[in-house]
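Quick look at upload08.pdb (PDB, C-alpha atoms):
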ATOM      1  CA  MET A   1      -5.978 -18.916 -19.580
ATOM      2  CA  PHE A   2      -2.657 -20.592 -18.709
ATOM      3  CA  GLY A   3      -3.897 -23.809 -20.356
ATOM      4  CA  ARG A   4      -4.384 -22.027 -23.677
ATOM      5  CA  LEU A   5      -0.710 -21.151 -24.007
ATOM      6  CA  PRO A   6       1.470 -23.412 -26.179
ATOM      7  CA  ARG A   7       3.013 -26.309 -24.255
ATOM      8  CA  TRP A   8       6.576 -25.067 -24.743
ATOM      9  CA  LEU A   9       5.627 -21.654 -23.330
ATOM     10  CA  ARG A  10       3.891 -23.252 -20.329
ATOM     11  CA  PHE A  11       7.067 -25.309 -19.791
ATOM     12  CA  ILE A  12       9.175 -22.151 -19.812
ATOM     13  CA  LEU A  13       6.885 -20.343 -17.371
ATOM     14  CA  VAL A  14       6.665 -23.314 -15.020
ATOM     15  CA  GLY A  15      10.392 -23.806 -15.549
ATOM     16  CA  VAL A  16      11.077 -20.314 -14.219
ATOM     17  CA  LEU A  17       9.289 -21.230 -11.003
ATOM     18  CA  ASN A  18      10.950 -24.650 -10.804
ATOM     19  CA  THR A  19      14.387 -23.234 -11.630
ATOM     20  CA  ALA A  20      14.098 -20.543  -8.982
ATOM     21  CA  PHE A  21      13.106 -23.183  -6.439
ATOM     22  CA  GLY A  22      15.949 -25.517  -7.496
ATOM     23  CA  TYR A  23      18.591 -22.792  -7.609
ATOM     24  CA  LEU A  24      17.493 -21.570  -4.185
ATOM     25  CA  LEU A  25      17.930 -25.124  -2.852
ATOM     26  CA  PHE A  26      21.357 -25.375  -4.530
ATOM     27  CA  ALA A  27      22.467 -22.050  -3.036
ATOM     28  CA  VAL A  28      21.275 -23.081   0.425
ATOM     29  CA  PHE A  29      23.255 -26.339   0.215
ATOM     30  CA  ILE A  30      26.409 -24.577  -1.087
ATOM     31  CA  LEU A  31      26.207 -21.759   1.447
ATOM     32  CA  ALA A  32      25.681 -24.339   4.210
ATOM     33  CA  GLY A  33      29.008 -25.907   3.197
ATOM     34  CA  ALA A  34      27.843 -28.922   1.200
ATOM     35  CA  PRO A  35      30.186 -30.191  -1.546
ATOM     36  CA  LYS A  36      29.037 -29.421  -5.111
ATOM     37  CA  PHE A  37      28.035 -33.037  -5.786
ATOM     38  CA  TRP A  38      25.771 -33.247  -2.728
ATOM     39  CA  ALA A  39      24.304 -29.815  -3.450
ATOM     40  CA  VAL A  40      23.330 -31.037  -6.932
ATOM     41  CA  VAL A  41      21.919 -34.296  -5.541
ATOM     42  CA  GLY A  42      19.919 -32.483  -2.857
ATOM     43  CA  MET A  43      18.659 -29.862  -5.280
ATOM     44  CA  THR A  44      17.665 -32.518  -7.801
ATOM     45  CA  ALA A  45      15.931 -34.820  -5.313
ATOM     46  CA  LEU A  46      13.856 -32.121  -3.640
ATOM     47  CA  GLY A  47      13.278 -30.239  -6.885
ATOM     48  CA  ALA A  48      12.057 -33.355  -8.720
ATOM     49  CA  LEU A  49       9.263 -33.900  -6.231
ATOM     50  CA  PHE A  50       8.172 -30.280  -6.502
ATOM     51  CA  ASN A  51       8.504 -30.315 -10.302
ATOM     52  CA  PHE A  52       6.522 -33.527 -10.861
ATOM     53  CA  ARG A  53       3.346 -31.830  -9.815
ATOM     54  CA  SER A  54       3.988 -28.487 -11.509
ATOM     55  CA  ILE A  55       5.239 -29.887 -14.838
ATOM     56  CA  GLY A  56       2.793 -32.765 -14.946
ATOM     57  CA  HIS A  57      -0.263 -30.731 -14.102
ATOM     58  CA  LEU A  58       0.444 -27.307 -15.620
ATOM     59  CA  VAL A  59       2.455 -28.264 -18.712
ATOM     60  CA  PHE A  60       1.346 -31.731 -19.805
ATOM     61  CA  ALA A  61      -2.044 -31.963 -18.004
ATOM     62  CA  ARG A  62      -1.067 -35.399 -16.658
ATOM     63  CA  SER A  63       0.164 -36.171 -13.189
ATOM     64  CA  GLU A  64      -0.683 -39.832 -12.607
ATOM     65  CA  LEU A  65       1.633 -41.415 -10.044
ATOM     66  CA  GLY A  66       2.436 -44.167 -12.565
ATOM     67  CA  LEU A  67       4.495 -41.584 -14.467
ATOM     68  CA  LEU A  68       6.660 -40.825 -11.428
ATOM     69  CA  PRO A  69       9.311 -43.553 -12.042
ATOM     70  CA  ARG A  70      10.032 -42.285 -15.582
ATOM     71  CA  PHE A  71       9.940 -38.695 -14.337
ATOM     72  CA  LEU A  72      12.468 -39.514 -11.618
ATOM     73  CA  GLY A  73      14.573 -41.403 -14.168
ATOM     74  CA  VAL A  74      14.837 -38.257 -16.270
ATOM     75  CA  TYR A  75      15.859 -36.284 -13.203
ATOM     76  CA  ALA A  76      18.448 -38.912 -12.233
ATOM     77  CA  GLY A  77      19.995 -38.620 -15.693
ATOM     78  CA  GLN A  78      19.865 -34.840 -15.469
ATOM     79  CA  CYS A  79      21.578 -35.016 -12.079
ATOM     80  CA  VAL A  80      24.494 -37.003 -13.528
ATOM     81  CA  ILE A  81      24.854 -34.669 -16.513
ATOM     82  CA  ASN A  82      24.596 -31.631 -14.226
ATOM     83  CA  SER A  83      27.267 -32.955 -11.839
ATOM     84  CA  VAL A  84      29.734 -33.772 -14.615
ATOM     85  CA  ALA A  85      29.190 -30.453 -16.402
ATOM     86  CA  LEU A  86      29.472 -28.509 -13.150
ATOM     87  CA  GLU A  87      32.774 -30.213 -12.372
ATOM     88  CA  LEU A  88      34.089 -29.380 -15.859
ATOM     89  CA  LEU A  89      33.107 -25.737 -15.380
ATOM     90  CA  ALA A  90      34.769 -25.726 -11.939
ATOM     91  CA  ARG A  91      37.986 -26.974 -13.555
ATOM     92  CA  ALA A  92      37.671 -24.096 -16.029
ATOM     93  CA  GLY A  93      37.593 -21.669 -13.081
ATOM     94  CA  PHE A  94      33.875 -21.033 -12.562
ATOM     95  CA  THR A  95      32.449 -20.957  -9.050
ATOM     96  CA  PRO A  96      29.631 -23.424  -8.348
ATOM     97  CA  LEU A  97      26.962 -20.715  -8.331
ATOM     98  CA  VAL A  98      28.105 -19.194 -11.634
ATOM     99  CA  GLY A  99      28.638 -22.626 -13.211
ATOM    100  CA  GLN A 100      25.123 -23.722 -12.280
ATOM    101  CA  ALA A 101      23.666 -20.501 -13.695
ATOM    102  CA  ILE A 102      25.475 -21.181 -16.998
ATOM    103  CA  LEU A 103      24.076 -24.721 -17.151
ATOM    104  CA  VAL A 104      20.432 -23.859 -16.471
ATOM    105  CA  PRO A 105      19.267 -23.163 -20.066
ATOM    106  CA  PHE A 106      20.969 -26.285 -21.425
ATOM    107  CA  LEU A 107      19.619 -28.504 -18.669
ATOM    108  CA  ALA A 108      16.120 -27.058 -19.089
ATOM    109  CA  ALA A 109      16.078 -27.763 -22.829
ATOM    110  CA  GLY A 110      17.239 -31.333 -22.266
ATOM    111  CA  VAL A 111      14.675 -31.957 -19.543
ATOM    112  CA  TYR A 112      11.840 -30.587 -21.723
ATOM    113  CA  PHE A 113      12.782 -32.899 -24.581
ATOM    114  CA  ALA A 114      13.069 -35.890 -22.240
ATOM    115  CA  MET A 115       9.765 -35.114 -20.505
ATOM    116  CA  GLN A 116       7.950 -34.762 -23.810
ATOM    117  CA  THR A 117       9.377 -37.922 -25.367
ATOM    118  CA  LEU A 118       9.986 -40.249 -22.412
ATOM    119  CA  VAL A 119       7.566 -39.319 -19.630
ATOM    120  CA  PHE A 120       4.487 -37.460 -20.839
ATOM    121  CA  ARG A 121       4.479 -38.737 -24.420
ATOM    122  CA  GLU A 122       1.175 -39.079 -26.167
ATOM    123  CA  LEU A 123       0.015 -42.680 -26.093
ATOM    124  CA  GLU A 124      -0.689 -44.363 -29.411
ATOM    125  CA  PRO A 125      -4.349 -45.276 -29.860
ATOM    126  CA  ALA A 126      -5.040 -49.000 -29.484
ATOM    127  CA  ASN A 127      -6.054 -50.774 -32.712
TER     128      ASN A 127
END

With the file now loaded, output its structure as structure tokens.
Amino acid sequence: MFGRLPRWLRFILVGVLNTAFGYLLFAVFILAGAPKFWAVVGMTALGALFNFRSIGHLVFARSELGLLPRFLGVYAGQCVINSVALELLARAGFTPLVGQAILVPFLAAGVYFAMQTLVFRELEPAN
């Protein structure tokens, strides 16, 4: 039944799971005293490994290990964007936990677009 849902809806549903897992990791790092940058790096690194399987399998029905370098590349880019945006929000007075919550929908939309076009894109048929 899950496979019959539109891809974007599957991404949102899987994204809820992945986001909860990532935000939990971020909160654990912050509450343990890690600086914001390292909390983002830790959250992204551990979350990417978890997300590769869930996004690849449940959303795009592809999880070949050959896709992992591009998948990790998207997450590396997302990590940089996340860190910069989080710092800008901190300078505007937001706490790290609130700032990260604000960023989630924007980061999710960007990651979906990048996954669809850069990682799990449909291959052109050979002529």

The PyMOL selection byres ((chain A and resi 44) around 12) applied to the shown file, residues as a ChimeraX atom specification: /A:18-19,21-26,29,37-43,45-52,71-83,107

Rank A:Leu65, A:Ile12, A:Ala90, A:Ala20 by their smallest atom-to-atom distance to Ala109 (chain A), using all atoms listed in the file, and report the top residue only.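 Closest candidate: A:Ile12.
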
Considering all atoms listed in the file, state which residue in the set A:Val14, A:Leu88, A:Leu103, A:Val98 is at the smallest distance from Ile55 (chain A).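 Looking at the shortest contact to Ile55 (chain A), the residue is A:Val14.
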
I'd like the residues picked by the PyMOL selection byres ((chain A and resi 115) around 10) written out as number ranges by chain, using the chain letters and numbers from the file. A: 55-56, 60, 70-71, 74-75, 109-114, 116-121

Counting all atoms listed in the file, the residue of A:Ala61, A:Val84, A:Ile102, A:Ala34 that sits nearest Phe11 (chain A):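 Among the listed residues, A:Ala61 lies closest to Phe11 (chain A).
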
A:Ser54, A:Gly66, A:Ile30, A:Ala108 ranked by distance to Pro96 (chain A), top pick (using all atoms listed in the file):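 Looking at the shortest contact to Pro96 (chain A), the residue is A:Ile30.
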
Report the distance between CA of Pro35 (chain A) and CA of Gly15 (chain A) in Å, rounded to one decimal place.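 Pair CA of Pro35 (chain A) / CA of Gly15 (chain A) returns 25.1 Å.
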
What is the distance, in Å and to one decimal place, between CA of Leu86 (chain A) and CA of Gly99 (chain A)?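 Between these atoms lies a distance of 5.9 Å.
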
If you measure from CA of Lys36 (chain A) to CA of Glu87 (chain A), what distance in Å do you get, rounded to one decimal?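 Here the two named atoms are 8.2 Å from each other.
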
Add whatever atoms are absent from region 5-16 of chain A to reach all heavy atoms, and provide the output as a PDB file, in the coordinates of the input.
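The resulting file, result04.pdb, is shown below:
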ATOM      1  N   LEU A   5      -2.045 -21.465 -23.490  1.00  0.00           N
ATOM      2  CA  LEU A   5      -0.710 -21.151 -24.007  1.00  0.00           C
ATOM      3  C   LEU A   5      -0.101 -22.404 -24.635  1.00  0.00           C
ATOM      4  O   LEU A   5      -0.409 -23.523 -24.221  1.00  0.00           O
ATOM      5  CB  LEU A   5       0.193 -20.657 -22.880  1.00  0.00           C
ATOM      6  CG  LEU A   5      -0.221 -19.367 -22.188  1.00  0.00           C
ATOM      7  CD1 LEU A   5       0.679 -19.096 -20.987  1.00  0.00           C
ATOM      8  CD2 LEU A   5      -0.167 -18.211 -23.165  1.00  0.00           C
ATOM      9  N   PRO A   6       0.786 -22.242 -25.613  1.00  0.00           N
ATOM     10  CA  PRO A   6       1.470 -23.412 -26.179  1.00  0.00           C
ATOM     11  C   PRO A   6       2.253 -24.163 -25.088  1.00  0.00           C
ATOM     12  O   PRO A   6       2.742 -23.546 -24.128  1.00  0.00           O
ATOM     13  CB  PRO A   6       2.429 -22.825 -27.212  1.00  0.00           C
ATOM     14  CG  PRO A   6       1.967 -21.430 -27.453  1.00  0.00           C
ATOM     15  CD  PRO A   6       1.210 -20.998 -26.229  1.00  0.00           C
ATOM     16  N   ARG A   7       2.354 -25.468 -25.257  1.00  0.00           N
ATOM     17  CA  ARG A   7       3.013 -26.309 -24.255  1.00  0.00           C
ATOM     18  C   ARG A   7       4.423 -25.828 -23.948  1.00  0.00           C
ATOM     19  O   ARG A   7       4.829 -25.774 -22.791  1.00  0.00           O
ATOM     20  CB  ARG A   7       3.036 -27.761 -24.730  1.00  0.00           C
ATOM     21  CG  ARG A   7       3.692 -28.681 -23.719  1.00  0.00           C
ATOM     22  CD  ARG A   7       3.723 -30.111 -24.197  1.00  0.00           C
ATOM     23  NE  ARG A   7       2.383 -30.639 -24.124  1.00  0.00           N
ATOM     24  CZ  ARG A   7       2.001 -31.758 -24.709  1.00  0.00           C
ATOM     25  NH1 ARG A   7       2.848 -32.462 -25.418  1.00  0.00           N
ATOM     26  NH2 ARG A   7       0.769 -32.181 -24.588  1.00  0.00           N
ATOM     27  N   TRP A   8       5.191 -25.482 -24.972  1.00  0.00           N
ATOM     28  CA  TRP A   8       6.576 -25.067 -24.743  1.00  0.00           C
ATOM     29  C   TRP A   8       6.633 -23.786 -23.905  1.00  0.00           C
ATOM     30  O   TRP A   8       7.514 -23.621 -23.081  1.00  0.00           O
ATOM     31  CB  TRP A   8       7.335 -24.898 -26.064  1.00  0.00           C
ATOM     32  CG  TRP A   8       6.789 -23.811 -26.960  1.00  0.00           C
ATOM     33  CD1 TRP A   8       5.865 -23.949 -27.944  1.00  0.00           C
ATOM     34  CD2 TRP A   8       7.119 -22.418 -26.912  1.00  0.00           C
ATOM     35  NE1 TRP A   8       5.597 -22.724 -28.515  1.00  0.00           N
ATOM     36  CE2 TRP A   8       6.361 -21.769 -27.904  1.00  0.00           C
ATOM     37  CE3 TRP A   8       7.991 -21.657 -26.128  1.00  0.00           C
ATOM     38  CZ2 TRP A   8       6.439 -20.402 -28.145  1.00  0.00           C
ATOM     39  CZ3 TRP A   8       8.065 -20.286 -26.372  1.00  0.00           C
ATOM     40  CH2 TRP A   8       7.301 -19.680 -27.368  1.00  0.00           C
ATOM     41  N   LEU A   9       5.656 -22.892 -24.104  1.00  0.00           N
ATOM     42  CA  LEU A   9       5.627 -21.654 -23.330  1.00  0.00           C
ATOM     43  C   LEU A   9       5.223 -21.943 -21.882  1.00  0.00           C
ATOM     44  O   LEU A   9       5.795 -21.368 -20.945  1.00  0.00           O
ATOM     45  CB  LEU A   9       4.693 -20.633 -23.968  1.00  0.00           C
ATOM     46  CG  LEU A   9       4.627 -19.263 -23.297  1.00  0.00           C
ATOM     47  CD1 LEU A   9       6.015 -18.629 -23.176  1.00  0.00           C
ATOM     48  CD2 LEU A   9       3.691 -18.341 -24.074  1.00  0.00           C
ATOM     49  N   ARG A  10       4.256 -22.842 -21.689  1.00  0.00           N
ATOM     50  CA  ARG A  10       3.891 -23.252 -20.329  1.00  0.00           C
ATOM     51  C   ARG A  10       5.097 -23.872 -19.633  1.00  0.00           C
ATOM     52  O   ARG A  10       5.340 -23.623 -18.450  1.00  0.00           O
ATOM     53  CB  ARG A  10       2.724 -24.251 -20.353  1.00  0.00           C
ATOM     54  CG  ARG A  10       1.415 -23.635 -20.773  1.00  0.00           C
ATOM     55  CD  ARG A  10       0.223 -24.553 -20.543  1.00  0.00           C
ATOM     56  NE  ARG A  10       0.396 -25.911 -20.958  1.00  0.00           N
ATOM     57  CZ  ARG A  10      -0.108 -26.454 -22.053  1.00  0.00           C
ATOM     58  NH1 ARG A  10      -0.834 -25.724 -22.891  1.00  0.00           N
ATOM     59  NH2 ARG A  10       0.094 -27.726 -22.329  1.00  0.00           N
ATOM     60  N   PHE A  11       5.880 -24.691 -20.376  1.00  0.00           N
ATOM     61  CA  PHE A  11       7.067 -25.309 -19.791  1.00  0.00           C
ATOM     62  C   PHE A  11       8.063 -24.236 -19.352  1.00  0.00           C
ATOM     63  O   PHE A  11       8.646 -24.324 -18.273  1.00  0.00           O
ATOM     64  CB  PHE A  11       7.728 -26.279 -20.774  1.00  0.00           C
ATOM     65  CG  PHE A  11       8.906 -26.997 -20.197  1.00  0.00           C
ATOM     66  CD1 PHE A  11       8.724 -28.105 -19.386  1.00  0.00           C
ATOM     67  CD2 PHE A  11      10.200 -26.571 -20.452  1.00  0.00           C
ATOM     68  CE1 PHE A  11       9.810 -28.778 -18.840  1.00  0.00           C
ATOM     69  CE2 PHE A  11      11.290 -27.227 -19.913  1.00  0.00           C
ATOM     70  CZ  PHE A  11      11.093 -28.338 -19.104  1.00  0.00           C
ATOM     71  N   ILE A  12       8.246 -23.231 -20.170  1.00  0.00           N
ATOM     72  CA  ILE A  12       9.175 -22.151 -19.812  1.00  0.00           C
ATOM     73  C   ILE A  12       8.688 -21.410 -18.569  1.00  0.00           C
ATOM     74  O   ILE A  12       9.463 -21.169 -17.641  1.00  0.00           O
ATOM     75  CB  ILE A  12       9.384 -21.176 -20.996  1.00  0.00           C
ATOM     76  CG1 ILE A  12      10.179 -21.860 -22.103  1.00  0.00           C
ATOM     77  CG2 ILE A  12      10.085 -19.905 -20.535  1.00  0.00           C
ATOM     78  CD1 ILE A  12      10.268 -21.073 -23.393  1.00  0.00           C
ATOM     79  N   LEU A  13       7.416 -21.073 -18.527  1.00  0.00           N
ATOM     80  CA  LEU A  13       6.885 -20.343 -17.371  1.00  0.00           C
ATOM     81  C   LEU A  13       6.959 -21.168 -16.093  1.00  0.00           C
ATOM     82  O   LEU A  13       7.393 -20.677 -15.047  1.00  0.00           O
ATOM     83  CB  LEU A  13       5.449 -19.898 -17.649  1.00  0.00           C
ATOM     84  CG  LEU A  13       5.284 -18.864 -18.762  1.00  0.00           C
ATOM     85  CD1 LEU A  13       3.803 -18.614 -19.050  1.00  0.00           C
ATOM     86  CD2 LEU A  13       5.993 -17.569 -18.406  1.00  0.00           C
ATOM     87  N   VAL A  14       6.562 -22.431 -16.185  1.00  0.00           N
ATOM     88  CA  VAL A  14       6.665 -23.314 -15.020  1.00  0.00           C
ATOM     89  C   VAL A  14       8.137 -23.549 -14.699  1.00  0.00           C
ATOM     90  O   VAL A  14       8.526 -23.628 -13.533  1.00  0.00           O
ATOM     91  CB  VAL A  14       5.917 -24.638 -15.268  1.00  0.00           C
ATOM     92  CG1 VAL A  14       6.209 -25.663 -14.192  1.00  0.00           C
ATOM     93  CG2 VAL A  14       4.414 -24.377 -15.351  1.00  0.00           C
ATOM     94  N   GLY A  15       8.952 -23.612 -15.740  1.00  0.00           N
ATOM     95  CA  GLY A  15      10.392 -23.806 -15.549  1.00  0.00           C
ATOM     96  C   GLY A  15      11.037 -22.665 -14.776  1.00  0.00           C
ATOM     97  O   GLY A  15      11.972 -22.884 -14.003  1.00  0.00           O
ATOM     98  N   VAL A  16      10.550 -21.452 -14.978  1.00  0.00           N
ATOM     99  CA  VAL A  16      11.077 -20.314 -14.219  1.00  0.00           C
ATOM    100  C   VAL A  16      10.826 -20.536 -12.726  1.00  0.00           C
ATOM    101  O   VAL A  16      11.734 -20.373 -11.899  1.00  0.00           O
ATOM    102  CB  VAL A  16      10.464 -18.984 -14.708  1.00  0.00           C
ATOM    103  CG1 VAL A  16      10.790 -17.842 -13.759  1.00  0.00           C
ATOM    104  CG2 VAL A  16      10.950 -18.670 -16.117  1.00  0.00           C
TER     105      VAL A  16
END
